[in-house]
Amino acid sequence: MSAPLTPEQAWQPLPASAWDSATARHLLRRAGWAARPDDVARAVAEGLPATLDRLFPAAPPPFPRPVFMVKAEERLAGLRPKKRAATTPEERQIVDREERELERLASIEFSLKWLQAAADPARAAYEKWTLFLADVYVVAFDKVRRAEHHYIHRDLLRTFGAGHAPELTKAISRSPAMIDYLDLSRNSKRAPNENFARELFELFVLGEGRYAEADIKQAARAFAGYRFGKDGFRLDVRAADPGPKTVFGRTGPWTGDEVIDLAYAQPAAATFLPREMTRFYLTDTPPPPEFFVPLGEAWRASGFELRTLCHAFFGSTFFYHPDHRANYIKSPVHYLLGLVQDLKLDLLPLPRTTLQPLRQMGQNLLEPPNVRGWVGGRLWINSSTLAARRQLARTLCTPLDEDTLNADERLELTAARDAGRSRFTVDDERIRDLASLGARGIADRLCDFFLPVAVSPAYRAAVVDYLETGPREEFEERVRRATIALLQSPEYQLC
Amino acid sequence: MLLPSTRREFLRHSTRGIGLLAFSRFAPRFLVQSSLAAPAPEKDRRILVLVQLAGGNDGLNTVVPFDDPAYHALRPTLALKQNAVLPVADHLGLHPACAPLHALLKEGRLGIVQNVGYPNPNRSHFRSTEIWETASGADESLSAGWIGRYLDNACAGAPGSTDPDAIHISAEVPQSFGGEQPHHTFGLAPGAARAGRAETPLLERLADRDDPVADGNHSFLRATLMDALVAEKKIQRILDAAKPAAPYPAGNFAQALRNVSALVAAGLPTRVYFVSLGGFDTHANQANSHANLLRQLSEGLAAFQADLAARRLDDQVLTMTFSEFGRRPVENESRGTDHGTAAPLFVMGRAIAGPLHGAPPDLRVEKNADIRFGVDFRSVYATVLDRWLDTPADTILGARHERLGFLG
């Protein structure tokens, strides 16, 4: 491995002379899901700063509520009077059940529509960024069973995700999903609940050990009375605690927002999130917090602007260091969306073929395993998750057998086709195009376009040999199988 | 080339020597165990074979209440007449396409559990399949499958082996296989003549290379993949050598069962197999398609049972069908049926006690309404876990469910 960087070297911008197709591919694969040749060429031509401007824009593209979610909300609103009018537990149960079913369907629709948006190369980097933020500001459907609240939560992450971090944190403290997930709704002056205050310091802003237990106890009081009702966020003044609190050595009648500002004034705030980014984007073993000081101080000077942080991080010498190339295990979402992008497909809009494989690979989109989010790295890989990855590659490279679809699945596909999305799997025509390159051309195309690792001539030769061995009339079938094998290979699991 | 019988041999056969050993974190354990060698016979090992009827099987036209006037009123074009069905009891008969199953029933090798479902049924394929596969209530959501939880319980602390704990022959990994802990599960392509997926030979060459990589994640991925491929190779060897002891009909479903029988006969320590037959979502003109499906099911299951019996393995294997839901009692305007609720399921094996379990559904339903289930599917699971797999069913299912009498 190459010589380790000092912190000062690490956070210098990547020299313009080092911006080439290799560094561009690294950026596109790590900040997004895949490095398609056209996108690489464009990034190289535009240069790194312009590319970062495009990937992390000042005004993030909106993600409107999926139509079904709007309908589900209307139907849920219609159920509320019915619930109030219910006179027996049985009647109430029937309404409860209908509500749960609508929430479940809406959560599926939300997941599918988000994956579809995130698969768009123009949106990939920013949507991956929102996924990172959702892995910091964790909420789970398992506890928060309101699809609408998950939508609002993600939308806050998206909207505030390019702005100033303290504003994002304040917005999240008012997020209905967070209020429910970390029990803010149970936090009152009379009975303070510390759940949110603890995670605010430990998991959102500072990191473990960078605060005292007393800080948590006092800070929790500042968030007493945070509630979410049908008109949105409100502070319940009867439950609030306006009295003086001492947080990080400073005493005053702090509000929740002021406590968040006090947390960001702590030295650890400047290095915590950059280190979490490193864990999410670069390596399972990030360097210690001290290493991030130069980056953190620049970030603090910007008023903790997240867009500034993204540009500095994704444009740094550290990000492109050889230690961080082609050695990070893709998450299940990355593997799925990487395949969709690399193969130029439209996301299959069926829970069974898209959400179920994600779960089998170990990543249920709205269900992080706990408040810390996904651990990732090697924990993504075991014999069953690897089998699920292999199966997904096979599914996406094999024409869809529509006879085996259920009637409602056919309806979904018809709707997607009507909306102009119809390339769900690699069809015979695409395989024929690839086959026309000849064995050596195919091997080069597969290795160079799909694999982040520079493979040896022997590796290529194995692909060529496989393609050339066997009956001529089965050549196209071998091309398909070789494509599947490359996408299942250990090398393709890396980015 | 002779197929390797140990990983050591496997590695030796690989063209460039011991490259893999240099980075496989599994190699030492693996070589000690030589887990590719013939497994030790386990005479009392009991195996469960799950047969999924995907799409929602029409229970009413499978186990037919042929003399119930309500049945004929609900099914003006689809009802089966008394002289067509295969008699099971005074008022019940099997669909005429189920003749091989009917014979098994008479021999005491087949049981019917009637009217199986769950409270507050969900009519979405995806969700109801999830409920069945995770053994959850309709209003709760569990991440682990019931077989996965069984494996969590049965295999906790078991030493690592490349032999799969559970094998599925279906395009997708069944949700029932997912555990709280990872288990070694293995998938076979439903239609493929070979166990190895078609792309495997190339993948093997790509993974088994002599250019050791310094990167830990890369070598970890190679090693994990190689372990999976070694298992695949072993299974391929078993299937290549397999000779069924009874004839099987053509078709992917029967072929899948033939493969299960071969793997059971080879003495793999695998305890659960999963086979899927799809196409039961019969919304329109269902008479012929449903008959064809039931014929495939019956002929396949009967061949499988005959094969197991001829190999004297039938005392080790219990087979059970399930489907995400039954269908609406009333037929629709397209001579088909829409998503419904409860349906009968089949259990098959030498241990079956008695032909009929549970009561048939009450068909006196309101217009376009569904039947109400009689047996909770988790009672079927509890019976299988407790009386067949000999594991603490209530722990695995998270609640106490009544045991049924279909296992002697």
# chains A, B, ... in the order shown; residues from 1 in each chain; ligands from 1
call {"tool": "closest_atom_pairs", "arguments": {"of": "chain B", "to": "chain A", "cutoff": "6 Å", "atoms": "only C-alpha atoms", "output": "JSON lines"}}
result
{"residue": "B:His184", "atom": "CA", "partner": "A:Ser383", "partner_atom": "CA", "distance": 5.3}
{"residue": "B:Thr185", "atom": "CA", "partner": "A:Ser384", "partner_atom": "CA", "distance": 5.5}
{"residue": "B:Glu199", "atom": "CA", "partner": "A:Arg481", "partner_atom": "CA", "distance": 4.8}
{"residue": "B:Leu203", "atom": "CA", "partner": "A:Ala485", "partner_atom": "CA", "distance": 5.1}
{"residue": "B:Leu221", "atom": "CA", "partner": "A:Pro490", "partner_atom": "CA", "distance": 5.3}
{"residue": "B:Arg222", "atom": "CA", "partner": "A:Pro490", "partner_atom": "CA", "distance": 5.6}
{"residue": "B:Gly279", "atom": "CA", "partner": "A:Thr404", "partner_atom": "CA", "distance": 6.0}
call {"tool": "write_last_selection", "arguments": {"atoms": "C-alpha atoms", "output": "PDB file, in the first residue's frame"}}
result
ATOM      1  CA  HIS B 184     -25.942 -21.708   4.683  1.00  0.00           C
ATOM      2  CA  THR B 185     -28.793 -21.945   2.229  1.00  0.00           C
ATOM      3  CA  GLU B 199     -22.775 -19.470 -15.256  1.00  0.00           C
ATOM      4  CA  LEU B 203     -17.518 -17.910 -11.994  1.00  0.00           C
ATOM      5  CA  LEU B 221     -15.354 -12.280  -0.919  1.00  0.00           C
ATOM      6  CA  ARG B 222     -13.407 -14.844  -2.909  1.00  0.00           C
ATOM      7  CA  GLY B 279     -49.344 -20.432 -11.787  1.00  0.00           C
TER       8      GLY B 279
END
call {"tool": "residues_around", "arguments": {"residues": "Pro121 in chain A", "least_positions_apart": "5", "cutoff": "9 Å", "atoms": "only C-alpha atoms", "output": "ChimeraX atom specification"}}
result
/A:32-34,39,341
call {"tool": "write_last_selection", "arguments": {"atoms": "N, CA and C atoms", "output": "compact mmCIF listing (two decimals), in the first residue's frame"}}
result
# COMPACT_ATOMS: atom_id res chain seq x y z
N GLY A 32 -22.04 7.57 -6.08
CA GLY A 32 -23.31 7.07 -6.63
C GLY A 32 -23.29 5.56 -6.62
N TRP A 33 -23.77 4.94 -7.72
CA TRP A 33 -23.87 3.48 -7.72
C TRP A 33 -23.01 2.82 -8.79
N ALA A 34 -22.73 3.55 -9.88
CA ALA A 34 -22.03 2.90 -10.99
C ALA A 34 -21.27 3.95 -11.79
N ASP A 39 -20.99 8.59 -18.52
CA ASP A 39 -20.94 9.47 -17.35
C ASP A 39 -19.50 9.76 -16.95
N GLN A 341 -28.09 0.44 -13.07
CA GLN A 341 -27.41 1.47 -13.86
C GLN A 341 -26.42 0.86 -14.86
call {"tool": "select_by_dssp", "arguments": {"residues": "range 193-271 of chain B", "states": "helix (DSSP H, G or I)", "output": "ChimeraX atom specification"}}
result
/B:200-207,216-241,252-265
call {"tool": "write_last_selection", "arguments": {"atoms": "C-alpha atoms", "output": "PDB file, in the first residue's frame"}}
result
ATOM      1  CA  THR B 200     -20.986 -21.356 -12.474  1.00  0.00           C
ATOM      2  CA  PRO B 201     -18.060 -22.838 -14.426  1.00  0.00           C
ATOM      3  CA  LEU B 202     -16.866 -19.383 -15.411  1.00  0.00           C
ATOM      4  CA  LEU B 203     -17.518 -17.910 -11.994  1.00  0.00           C
ATOM      5  CA  GLU B 204     -15.436 -20.697 -10.494  1.00  0.00           C
ATOM      6  CA  ARG B 205     -12.526 -19.813 -12.727  1.00  0.00           C
ATOM      7  CA  LEU B 206     -12.883 -16.149 -11.878  1.00  0.00           C
ATOM      8  CA  ALA B 207     -12.947 -16.799  -8.137  1.00  0.00           C
ATOM      9  CA  GLY B 216      -8.881  -8.123   2.898  1.00  0.00           C
ATOM     10  CA  ASN B 217     -12.385  -7.552   1.567  1.00  0.00           C
ATOM     11  CA  HIS B 218     -11.488  -8.898  -1.837  1.00  0.00           C
ATOM     12  CA  SER B 219     -10.009 -12.102  -0.475  1.00  0.00           C
ATOM     13  CA  PHE B 220     -12.890 -12.449   1.973  1.00  0.00           C
ATOM     14  CA  LEU B 221     -15.354 -12.280  -0.919  1.00  0.00           C
ATOM     15  CA  ARG B 222     -13.407 -14.844  -2.909  1.00  0.00           C
ATOM     16  CA  ALA B 223     -13.229 -17.228   0.028  1.00  0.00           C
ATOM     17  CA  THR B 224     -16.933 -16.944   0.836  1.00  0.00           C
ATOM     18  CA  LEU B 225     -17.824 -17.453  -2.799  1.00  0.00           C
ATOM     19  CA  MET B 226     -15.489 -20.429  -3.134  1.00  0.00           C
ATOM     20  CA  ASP B 227     -17.163 -22.099  -0.183  1.00  0.00           C
ATOM     21  CA  ALA B 228     -20.512 -21.679  -1.897  1.00  0.00           C
ATOM     22  CA  LEU B 229     -19.103 -23.058  -5.142  1.00  0.00           C
ATOM     23  CA  VAL B 230     -17.602 -26.055  -3.390  1.00  0.00           C
ATOM     24  CA  ALA B 231     -21.058 -26.861  -2.029  1.00  0.00           C
ATOM     25  CA  GLU B 232     -22.494 -26.395  -5.491  1.00  0.00           C
ATOM     26  CA  LYS B 233     -19.927 -28.757  -6.952  1.00  0.00           C
ATOM     27  CA  LYS B 234     -20.697 -31.390  -4.424  1.00  0.00           C
ATOM     28  CA  ILE B 235     -24.394 -31.104  -5.134  1.00  0.00           C
ATOM     29  CA  GLN B 236     -23.703 -31.284  -8.841  1.00  0.00           C
ATOM     30  CA  ARG B 237     -21.768 -34.489  -8.317  1.00  0.00           C
ATOM     31  CA  ILE B 238     -24.665 -35.995  -6.391  1.00  0.00           C
ATOM     32  CA  LEU B 239     -27.204 -35.025  -9.033  1.00  0.00           C
ATOM     33  CA  ASP B 240     -25.027 -36.272 -11.888  1.00  0.00           C
ATOM     34  CA  ALA B 241     -24.728 -39.669 -10.263  1.00  0.00           C
ATOM     35  CA  ASN B 252     -39.663 -28.720 -13.906  1.00  0.00           C
ATOM     36  CA  PHE B 253     -41.703 -29.477 -10.831  1.00  0.00           C
ATOM     37  CA  ALA B 254     -41.230 -33.245 -10.950  1.00  0.00           C
ATOM     38  CA  GLN B 255     -37.609 -32.688 -11.884  1.00  0.00           C
ATOM     39  CA  ALA B 256     -37.139 -30.546  -8.802  1.00  0.00           C
ATOM     40  CA  LEU B 257     -38.560 -33.295  -6.599  1.00  0.00           C
ATOM     41  CA  ARG B 258     -36.345 -35.826  -8.325  1.00  0.00           C
ATOM     42  CA  ASN B 259     -33.382 -33.681  -7.342  1.00  0.00           C
ATOM     43  CA  VAL B 260     -34.591 -33.425  -3.762  1.00  0.00           C
ATOM     44  CA  SER B 261     -34.840 -37.203  -3.581  1.00  0.00           C
ATOM     45  CA  ALA B 262     -31.300 -37.565  -4.934  1.00  0.00           C
ATOM     46  CA  LEU B 263     -29.931 -35.125  -2.362  1.00  0.00           C
ATOM     47  CA  VAL B 264     -31.778 -36.830   0.478  1.00  0.00           C
ATOM     48  CA  ALA B 265     -30.516 -40.206  -0.727  1.00  0.00           C
TER      49      ALA B 265
END
call {"tool": "residues_around", "arguments": {"residues": "Gly373 in chain A", "least_positions_apart": "5", "cutoff": "10 Å", "atoms": "only C-alpha atoms", "output": "list in words"}}
result
Phe132, Ala134, Asp135, Val136, Tyr137, Val138, Val139, Ala140, Leu203, Glu367 and Pro368 of chain A
call {"tool": "write_last_selection", "arguments": {"atoms": "N, CA and C atoms", "output": "compact mmCIF listing (two decimals), in the first residue's frame"}}
result
# COMPACT_ATOMS: atom_id res chain seq x y z
N PHE A 132 -27.34 8.02 3.19
CA PHE A 132 -26.34 8.15 4.25
C PHE A 132 -26.94 8.89 5.44
N ALA A 134 -29.99 9.13 6.24
CA ALA A 134 -30.99 8.28 6.88
C ALA A 134 -30.33 7.20 7.72
N ASP A 135 -29.08 6.90 7.42
CA ASP A 135 -28.33 5.91 8.19
C ASP A 135 -27.71 6.57 9.43
N VAL A 136 -27.72 7.90 9.45
CA VAL A 136 -27.31 8.63 10.67
C VAL A 136 -28.57 8.92 11.50
N TYR A 137 -29.54 9.60 10.85
CA TYR A 137 -30.79 9.94 11.53
C TYR A 137 -31.78 8.79 11.32
N VAL A 138 -31.52 7.69 12.00
CA VAL A 138 -32.27 6.46 11.75
C VAL A 138 -33.69 6.54 12.30
N VAL A 139 -34.64 6.08 11.49
CA VAL A 139 -35.99 5.75 11.97
C VAL A 139 -36.37 4.43 11.31
N ALA A 140 -37.26 3.67 11.93
CA ALA A 140 -37.60 2.37 11.36
C ALA A 140 -39.11 2.17 11.32
N LEU A 203 -25.17 9.76 18.35
CA LEU A 203 -25.25 9.24 16.98
C LEU A 203 -25.45 10.32 15.91
N GLU A 367 -36.22 -0.46 7.24
CA GLU A 367 -36.03 -1.16 8.51
C GLU A 367 -34.55 -1.35 8.84
N PRO A 368 -33.84 -0.28 9.17
CA PRO A 368 -32.47 -0.49 9.66
C PRO A 368 -32.54 -1.36 10.93
call {"tool": "closest_residue", "arguments": {"among": "B:Gly137, B:Pro344, B:Gly179, B:Gly278", "to": "Ile112 in chain B", "atoms": "only C-alpha atoms"}}
result
B:Pro344
call {"tool": "closest_residue", "arguments": {"among": "B:Gly267, B:Pro164, B:Gly108, B:Gly145", "to": "Phe177 in chain B", "atoms": "only C-alpha atoms"}}
result
B:Gly145
call {"tool": "atom_distance", "arguments": {"atom1": "CA of Glu402 in chain B", "atom2": "CA of Glu180 in chain B"}}
result
24.9 Å
call {"tool": "closest_residue", "arguments": {"among": "A:Val144, A:Ile216, A:Ala117, A:Ala435", "to": "Leu182 in chain A", "atoms": "only C-alpha atoms"}}
result
A:Val144
call {"tool": "select_by_dssp", "arguments": {"residues": "range 30-107 of chain B", "states": "strand (DSSP E)", "output": "ChimeraX atom specification"}}
result
/B:47-54,63-64,86-89,92-94
call {"tool": "residues_around", "arguments": {"residues": "range 244-252 of chain A", "least_positions_apart": "2", "cutoff": "7 Å", "atoms": "only C-alpha atoms", "output": "list in words"}}
result
Asp215, Gln218, Ala219, Pro242 and Trp254 of chain A
call {"tool": "atom_distance", "arguments": {"atom1": "CA of Ala415 in chain A", "atom2": "CA of Lys344 in chain A"}}
result
19.5 Å
call {"tool": "atom_distance", "arguments": {"atom1": "CA of Leu188 in chain B", "atom2": "CA of Ala99 in chain B"}}
result
28.8 Å
call {"tool": "closest_residue", "arguments": {"among": "A:Ala265, A:Ile179, A:Ala312, A:Ile431", "to": "Leu14 in chain A", "atoms": "only C-alpha atoms"}}
result
A:Ala312
call {"tool": "closest_residue", "arguments": {"among": "A:His149, A:Arg25, A:Arg421, A:Arg389", "to": "Ala41 in chain A", "atoms": "only C-alpha atoms"}}
result
A:Arg25
call {"tool": "residues_around", "arguments": {"residues": "Ala89 in chain B", "least_positions_apart": "2", "cutoff": "12 Å", "atoms": "only C-alpha atoms", "output": "JSON, numbers by chain"}}
result
{"B": [63, 64, 65, 66, 67, 82, 85, 86, 87, 91, 92, 93, 94, 102, 105, 106, 112, 354, 355, 356, 357, 359, 360]}
call {"tool": "residues_around", "arguments": {"residues": "Thr321 in chain B", "least_positions_apart": "6", "cutoff": "8 Å", "atoms": "only C-alpha atoms", "output": "list in words"}}
result
Leu50, Val51, Gln52, Leu53, Leu345, Phe346 and Val347 of chain B
